[in-house]
Structures are given as C-alpha cells and as structure tokens.
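Trainee: Below is the file start_27.cif, which contains mmCIF, C-alpha atoms.
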data_work
#
loop_
_atom_site.label_atom_id
_atom_site.label_comp_id
_atom_site.auth_asym_id
_atom_site.auth_seq_id
_atom_site.Cartn_x
_atom_site.Cartn_y
_atom_site.Cartn_z
CA MET A 1 30.99 -42.13 45.59
CA ASP A 2 28.33 -39.64 44.56
CA THR A 3 25.23 -40.54 42.56
CA LYS A 4 26.53 -39.36 39.19
CA LYS A 5 29.78 -41.29 39.55
CA HIS A 6 27.94 -44.43 40.63
CA MET A 7 25.48 -44.28 37.75
CA LEU A 8 28.41 -43.73 35.38
CA LEU A 9 30.14 -46.80 36.82
CA ILE A 10 27.03 -48.95 36.38
CA SER A 11 26.54 -47.62 32.84
CA LEU A 12 30.17 -48.40 32.03
CA VAL A 13 29.80 -52.00 33.21
CA THR A 14 26.58 -52.37 31.22
CA VAL A 15 28.34 -51.15 28.08
CA ILE A 16 31.37 -53.32 28.74
CA ILE A 17 29.38 -56.53 29.14
CA SER A 18 26.95 -55.93 26.31
CA GLY A 19 28.62 -53.98 23.55
CA PHE A 20 31.36 -56.14 22.07
CA GLN A 21 31.49 -59.14 19.75
CA CYS A 22 34.05 -61.82 20.49
CA THR A 23 35.24 -64.93 18.74
CA ASN A 24 34.74 -68.34 20.26
CA GLN A 25 37.62 -68.91 22.72
CA THR A 26 36.52 -71.82 24.84
CA LYS A 27 39.91 -72.23 26.50
CA LEU A 28 39.53 -68.84 28.15
CA LEU A 29 36.04 -69.74 29.34
CA GLU A 30 37.29 -72.97 30.91
CA ASN A 31 39.36 -70.90 33.35
CA ILE A 32 36.20 -69.51 34.99
CA PRO A 33 35.13 -71.87 37.82
CA GLU A 34 31.62 -73.31 37.47
CA SER A 35 29.42 -73.74 40.54
CA GLU A 36 25.87 -74.25 41.78
CA PHE A 37 26.21 -71.41 44.28
CA ILE A 38 22.97 -69.58 43.46
CA ASP A 39 20.93 -72.80 43.58
CA ASN A 40 22.40 -73.60 46.99
CA CYS A 41 21.19 -70.39 48.63
CA PRO A 42 19.25 -71.06 51.86
CA ASP A 43 15.48 -71.19 51.40
CA VAL A 44 14.93 -68.25 53.77
CA LEU A 45 12.82 -65.16 53.13
CA TYR A 46 14.65 -61.89 53.69
CA ASP A 47 12.58 -58.94 54.92
CA PHE A 48 12.91 -56.16 52.34
CA GLY A 49 9.92 -54.30 53.80
CA GLU A 50 7.06 -53.16 51.60
CA ILE A 51 7.36 -54.39 48.01
CA ILE A 52 6.07 -52.78 44.80
CA THR A 53 5.85 -54.29 41.32
CA LEU A 54 7.15 -52.35 38.32
CA GLY A 55 7.14 -53.06 34.60
CA ASP A 56 8.38 -51.44 31.45
CA PRO A 57 5.96 -49.30 29.41
CA SER A 58 5.94 -51.79 26.52
CA ASN A 59 4.65 -54.56 28.82
CA ARG A 60 7.68 -56.76 28.26
CA PHE A 61 8.59 -57.57 31.86
CA MET A 62 7.71 -56.98 35.51
CA ILE A 63 9.75 -57.20 38.71
CA SER A 64 9.05 -56.59 42.40
CA LEU A 65 11.37 -54.27 44.35
CA PRO A 66 11.52 -52.76 47.85
CA TYR A 67 9.35 -49.65 48.07
CA GLN A 68 11.89 -47.79 50.24
CA TRP A 69 14.70 -48.23 47.76
CA ASP A 70 15.72 -45.50 45.33
CA ILE A 71 14.23 -46.68 42.01
CA ARG A 72 15.23 -45.02 38.76
CA GLU A 73 14.10 -45.66 35.22
CA SER A 74 16.15 -45.13 32.08
CA TYR A 75 15.36 -44.96 28.39
CA ASN A 76 17.76 -45.38 25.48
CA ASP A 77 16.04 -45.56 22.10
CA SER A 78 13.72 -48.56 22.50
CA ILE A 79 15.60 -49.93 25.53
CA TYR A 80 14.04 -49.53 28.95
CA GLY A 81 15.81 -50.21 32.21
CA ILE A 82 15.31 -50.07 35.96
CA TYR A 83 18.01 -49.37 38.54
CA ALA A 84 17.18 -49.76 42.24
CA SER A 85 19.37 -49.42 45.33
CA ASN A 86 19.10 -48.98 49.08
CA TYR A 87 21.73 -46.22 49.34
CA LEU A 88 21.61 -43.56 46.60
CA SER A 89 19.17 -41.32 48.47
CA ILE A 90 19.87 -42.42 52.04
CA PRO A 91 23.35 -42.70 53.63
CA ILE A 92 24.01 -46.30 54.63
CA GLU A 93 27.03 -48.28 55.80
CA VAL A 94 29.04 -49.47 52.80
CA LYS A 95 28.79 -53.18 53.61
CA GLU A 96 24.98 -52.92 53.74
CA ARG A 97 24.67 -51.38 50.27
CA LEU A 98 22.65 -53.42 47.76
CA ALA A 99 21.51 -52.76 44.22
CA LEU A 100 19.60 -54.45 41.40
CA SER A 101 19.13 -53.43 37.79
CA VAL A 102 17.16 -54.84 34.85
CA THR A 103 18.25 -53.87 31.35
CA GLY A 104 16.87 -55.03 28.01
CA TYR A 105 18.97 -55.68 24.92
CA GLN A 106 18.48 -56.97 21.42
CA SER A 107 20.74 -59.49 19.74
CA GLU A 108 20.45 -62.02 16.93
CA LYS A 109 22.70 -64.47 18.82
CA ASP A 110 21.35 -67.45 20.71
CA ILE A 111 21.57 -67.33 24.50
CA ASN A 112 24.73 -69.44 24.81
CA GLU A 113 26.66 -67.44 22.20
CA TYR A 114 25.49 -64.17 23.75
CA TYR A 115 26.53 -65.28 27.24
CA ASN A 116 29.91 -66.68 26.14
CA ASP A 117 30.77 -63.53 24.22
CA GLU A 118 30.05 -61.41 27.28
CA LEU A 119 32.20 -63.66 29.48
CA LEU A 120 35.07 -63.18 27.01
CA VAL A 121 34.71 -59.41 27.31
CA LEU A 122 34.81 -59.65 31.10
CA ILE A 123 37.91 -61.85 30.94
CA ARG A 124 39.73 -59.13 29.00
CA GLU A 125 38.92 -56.40 31.48
CA GLU A 126 41.97 -55.83 33.70
CA ASN A 127 39.97 -54.35 36.59
CA ILE A 128 37.40 -57.15 36.79
CA ASN A 129 37.96 -60.31 38.80
CA LEU A 130 35.80 -63.17 37.54
CA ILE A 131 34.76 -65.33 40.49
CA GLU A 132 32.51 -68.05 39.10
CA ARG A 133 29.68 -68.88 36.72
CA GLY A 134 26.82 -71.33 36.51
CA GLN A 135 23.23 -72.07 35.52
CA THR A 136 19.99 -71.71 37.42
CA THR A 137 16.29 -72.00 36.63
CA LEU A 138 14.13 -68.90 36.41
CA ILE A 139 10.74 -68.31 34.74
CA GLY A 140 10.91 -71.86 33.38
CA GLN A 141 14.24 -71.24 31.63
CA SER A 142 17.76 -72.45 32.23
CA ILE A 143 19.47 -69.14 33.00
CA PRO A 144 23.25 -68.63 32.82
CA TRP A 145 24.87 -66.33 35.37
CA VAL A 146 28.29 -64.95 36.23
CA MET A 147 29.68 -63.42 39.43
CA PHE A 148 32.57 -60.95 39.37
CA GLU A 149 34.26 -58.27 41.43
CA MET A 150 34.79 -54.70 40.30
CA PRO A 151 37.32 -52.30 41.86
CA LYS A 152 36.75 -51.19 45.47
CA SER A 153 35.05 -54.49 46.39
CA VAL A 154 31.81 -54.18 44.42
CA PHE A 155 30.54 -57.71 43.86
CA ASN A 156 28.13 -58.33 40.98
CA LEU A 157 26.04 -61.28 39.87
CA VAL A 158 24.46 -61.05 36.42
CA TYR A 159 21.62 -63.27 35.15
CA TYR A 160 21.07 -63.60 31.37
CA ILE A 161 17.43 -64.10 30.36
CA LYS A 162 15.97 -64.74 26.90
CA GLY A 163 12.88 -62.64 26.18
CA ASN A 164 9.65 -63.70 24.47
CA VAL A 165 10.67 -61.92 21.26
CA ASN A 166 13.49 -63.75 19.45
CA SER A 167 15.98 -60.87 19.61
CA ASP A 168 15.16 -59.73 23.17
CA TYR A 169 17.44 -60.40 26.14
CA TYR A 170 17.33 -59.14 29.71
CA LEU A 171 20.24 -58.75 32.09
CA ILE A 172 19.43 -58.69 35.79
CA GLN A 173 22.46 -57.43 37.68
CA THR A 174 22.67 -57.57 41.47
CA ALA A 175 25.40 -55.82 43.46
CA SER A 176 26.79 -55.93 47.00
CA TYR A 177 29.51 -53.81 48.59
CA ASP A 178 30.12 -56.32 51.39
CA SER A 179 33.59 -57.79 50.80
CA VAL A 180 33.09 -60.49 53.46
CA ASN A 181 29.45 -61.58 53.25
CA TYR A 182 28.74 -60.77 49.60
CA ARG A 183 27.55 -64.32 48.94
CA ASP A 184 24.89 -64.00 51.64
CA LYS A 185 23.82 -60.70 50.08
CA MET A 186 23.56 -62.30 46.63
CA CYS A 187 21.29 -64.95 48.11
CA GLN A 188 19.11 -62.22 49.63
CA LEU A 189 18.92 -60.41 46.29
CA LYS A 190 17.99 -63.66 44.55
CA GLN A 191 14.59 -63.31 46.27
CA LEU A 192 13.97 -60.14 44.23
CA VAL A 193 15.37 -61.65 41.04
CA LYS A 194 12.88 -64.52 41.33
CA SER A 195 10.02 -62.03 41.08
CA PHE A 196 11.02 -61.19 37.49
CA GLU A 197 8.33 -62.10 34.94
CA LEU A 198 8.12 -61.82 31.18
CA GLU A 199 4.86 -60.38 29.91
CA LYS A 200 3.14 -62.24 27.07
#
Write the structure described by the file as structure tokens, please.
Mentor:
Amino acid sequence: MDTKKHMLLISLVTVIISGFQCTNQTKLLENIPESEFIDNCPDVLYDFGEIITLGDPSNRFMISLPYQWDIRESYNDSIYGIYASNYLSIPIEVKERLALSVTGYQSEKDINEYYNDELLVLIREENINLIERGQTTLIGQSIPWVMFEMPKSVFNLVYYIKGNVNSDYYLIQTASYDSVNYRDKMCQLKQLVKSFELEK
C-alpha cells in the first residue's frame, strides 16, 4: 500500500469514528466484550531508539515518539494532528509495521456519550471487526478504549481522552499489522501512549 493510499485509509477511519451522531443503543454496546487487556500489559520497556517530544502549536498537548519514525503533521481548520509510523519512508516487513496518531476534536458531549456514539458507528461498519473495549488510567483520567480490526489485518486500539478545555477531545490511535502478535505490539505502543500530556 503506497503512502497516499495509507493516509487516505487512516483519514477514512478518523472520519468514520468521529463524524456521526448516534442514538443511545446500549444493547448493541453490550455485544462488545469488555476486558482489562491494556492494563495487563507486561511492565517491560521496549527499545524504540532515540525519542523526541512533539506538541501542537497551540500548546494543547505533547507526546514522545521515536526519532527514526516517519512523523507527519496535519492541520484542518483549528484541528492539529500527528501521524507517526515506522514504515512509510523505509520498507519494513508487514508484521513489524507500527503506527500511532494523535488527533484533536471538539464536541459538546460528555466523554461517555462521545465514546458510546463512536462505538455505535464502528458496530455499523461492515468491514470493521470489533474485538474488545475497556478502561484504563492515563494522565490522571479514566480513559475508555476500543480495539478493532480493519481489512487486511490492520489492528487498531483507540484511546479517548478529555482535554482541558470543555469541548476538546483527543484520540490516540495505535496500529499494528501483525495478525498473530498484535496484542504484544499494542502493549509496546502503550509505552508511547503513556508519554501523552495535556498542556495547561
């Protein structure tokens, strides 16, 4: 998959999981298994090499990412995002491909309504296989997350974070192309996710 197609795929997922409003359908949500997977990751440091810290120009957040990764910034009106991966610029075996993105959104909904509405959108997508969901703690918040599979064995785990401004939300999306050890890869990527900080 070339760079343009991959960026289009990521953009499509971002639009899918952020752009629709859904009614409350708790019965559908009950079909998504809940787990403590991300909290049960081994407490082992993964060597990502040299790390750099990046933040958005409005001083809303910061995150640390591997220096050798391909890091791209995006702007859409007042929304700033970061997309980083270990394969866009350098050929790498598919199962070793990793990616992480941070995207900001604005919504008047509270965190639970926002999260549930996005789960309902994912449920309706025929090409997405919802694997499980849960809660973890990050930056002193209880953070909901969901893990799902996209076509061609792209596994994603998305964290939903409430910003310091009432209408601000941040989605941190991690991705692995390893169809066998994707859970191990998500645990490795959690190390980067934990570096996320909200600026005051």
Trainee: Using all atoms listed in the file, determine which residues lie at most 7 Å from range 68-76 of chain A, disregarding the query and same-chain residues fewer than 6 positions distant; provide the list as a ChimeraX atom specification.
Mentor: /A:82-86,88-89
Trainee: To one decimal in Å, tell me the separation between CA of Leu171 in chain A and CA of Ser101 in chain A.
Mentor: 7.9 Å
Trainee: Applying 6 Å and all atoms listed in the file, which residues near range 61-65 of chain A remain after dropping the ones on its own chain fewer than 5 positions away? List them as a list in words.
Mentor: Ile51, Ile52, Thr53, Leu54, Gly55, Ser195, Phe196, Glu197, Leu198 and Glu199 of chain A
Trainee: Starting from the displayed file, determine the output of the PyMOL selection byres ((chain A and resi 98) around 8) and express the residue list as a PyMOL selection string.
Mentor: chain A and resi 85-87+96-97+99-100+174-177+185
Trainee: For Asn127 in chain A, work out the shell of residues within 10 Å, counting all atoms listed in the file and skipping chain neighbours fewer than 2 positions away, then give it as a list in words.
Mentor: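 Once the adjacent positions are removed, what remains is Leu122, Ile123, Arg124, Glu125, Asn129, Leu130, Glu149, Met150, Pro151 and Lys152 of chain A.
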Trainee: Around all the atoms of range 109-116 of chain A listed in the file, with 8 Å of room on each side, what axis-aligned box do you get, giving centre and edge lengths in Å to one decimal, as JSON?
Mentor:
{"center_x": 25.6, "center_y": -66.8, "center_z": 23.0, "size_x": 24.6, "size_y": 21.3, "size_z": 24.4}
Trainee: To test your reading of the syntax: which residues would the PyMOL selection byres ((chain A and resi 137-141) around 9) return for the file shown? Reply as a PyMOL selection string.
Mentor: chain A and resi 39+135-136+142-144+161-162+193-198
Trainee: For the atom pair CA of Ile92 in chain A and CA of Leu189 in chain A, what is the interatomic distance in Å to one decimal place?
Mentor: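 That distance, rounded to one decimal, is 17.2 Å.
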Trainee: Figure out the distance between CA of Tyr170 in chain A and CA of Gly104 in chain A, please, to one decimal in Å.
Mentor: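 Separation of CA of Gly104 in chain A and CA of Tyr170 in chain A: 4.5 Å.
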Trainee: Measuring atom to atom with only C-alpha atoms, identify which of A:Asp184, A:Asp43, A:Asp168, A:Glu30 is nearest to Lys109 in chain A.
Mentor: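 Nearest candidate to Lys109 in chain A out of A:Asp184, A:Asp43, A:Asp168, A:Glu30: A:Asp168.
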Trainee: For this structure, which residues satisfy the selection - the PyMOL selection byres ((chain A and resi 46) around 12) - when it is evaluated on the file as given? I want them as a PDB file with C-alpha atoms, keeping the file's coordinate frame.
Mentor:
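The resulting file, out.pdb, is shown below:
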ATOM      1  CA  CYS A  41      21.190 -70.390  48.630  1.00  0.00           C
ATOM      2  CA  PRO A  42      19.250 -71.060  51.860  1.00  0.00           C
ATOM      3  CA  ASP A  43      15.480 -71.190  51.400  1.00  0.00           C
ATOM      4  CA  VAL A  44      14.930 -68.250  53.770  1.00  0.00           C
ATOM      5  CA  LEU A  45      12.820 -65.160  53.130  1.00  0.00           C
ATOM      6  CA  ASP A  47      12.580 -58.940  54.920  1.00  0.00           C
ATOM      7  CA  PHE A  48      12.910 -56.160  52.340  1.00  0.00           C
ATOM      8  CA  GLY A  49       9.920 -54.300  53.800  1.00  0.00           C
ATOM      9  CA  GLU A  50       7.060 -53.160  51.600  1.00  0.00           C
ATOM     10  CA  ILE A  51       7.360 -54.390  48.010  1.00  0.00           C
ATOM     11  CA  PRO A  66      11.520 -52.760  47.850  1.00  0.00           C
ATOM     12  CA  ASP A 184      24.890 -64.000  51.640  1.00  0.00           C
ATOM     13  CA  LYS A 185      23.820 -60.700  50.080  1.00  0.00           C
ATOM     14  CA  MET A 186      23.560 -62.300  46.630  1.00  0.00           C
ATOM     15  CA  CYS A 187      21.290 -64.950  48.110  1.00  0.00           C
ATOM     16  CA  GLN A 188      19.110 -62.220  49.630  1.00  0.00           C
ATOM     17  CA  LEU A 189      18.920 -60.410  46.290  1.00  0.00           C
ATOM     18  CA  LYS A 190      17.990 -63.660  44.550  1.00  0.00           C
ATOM     19  CA  GLN A 191      14.590 -63.310  46.270  1.00  0.00           C
ATOM     20  CA  LEU A 192      13.970 -60.140  44.230  1.00  0.00           C
TER      21      LEU A 192
END
Trainee: Pick out the closest residue to Pro33 in chain A from this set: A:Tyr169, A:Tyr80, A:Tyr160, A:Trp145. Count only C-alpha atoms.
Mentor: A:Trp145
Trainee: Can you work out which one of A:Val94, A:Val165, A:Leu119, A:Ile128 has the shortest atom-to-atom distance to Tyr182 in chain A, counting all atoms listed in the file?
Mentor: A:Val94
Trainee: Considering all atoms listed in the file, state which residue in the set A:Lys95, A:Gly134, A:Glu108, A:Phe37 is at the smallest distance from Phe155 in chain A.
Mentor: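 Once distances to Phe155 in chain A are computed over all atoms listed in the file, the minimum belongs to A:Lys95.
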Trainee: Which is closest to Thr103 in chain A among A:Asp56, A:Glu132, A:Glu118, A:Glu126, if we use only C-alpha atoms?
Mentor: A:Asp56
Trainee: For Arg133 in chain A, please output as a ChimeraX atom specification all residues within 7 Å (counting only C-alpha atoms; exclusion window: fewer than 2 positions along the same chain).
Mentor: /A:32-35,145-147
Trainee: Which residue, A:Asn166, A:Ser153, A:Tyr159, A:Leu120, has the smallest gap to Gln106 in chain A when you use all atoms listed in the file?
Mentor: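 The answer is A:Asn166, which sits nearest to Gln106 in chain A.
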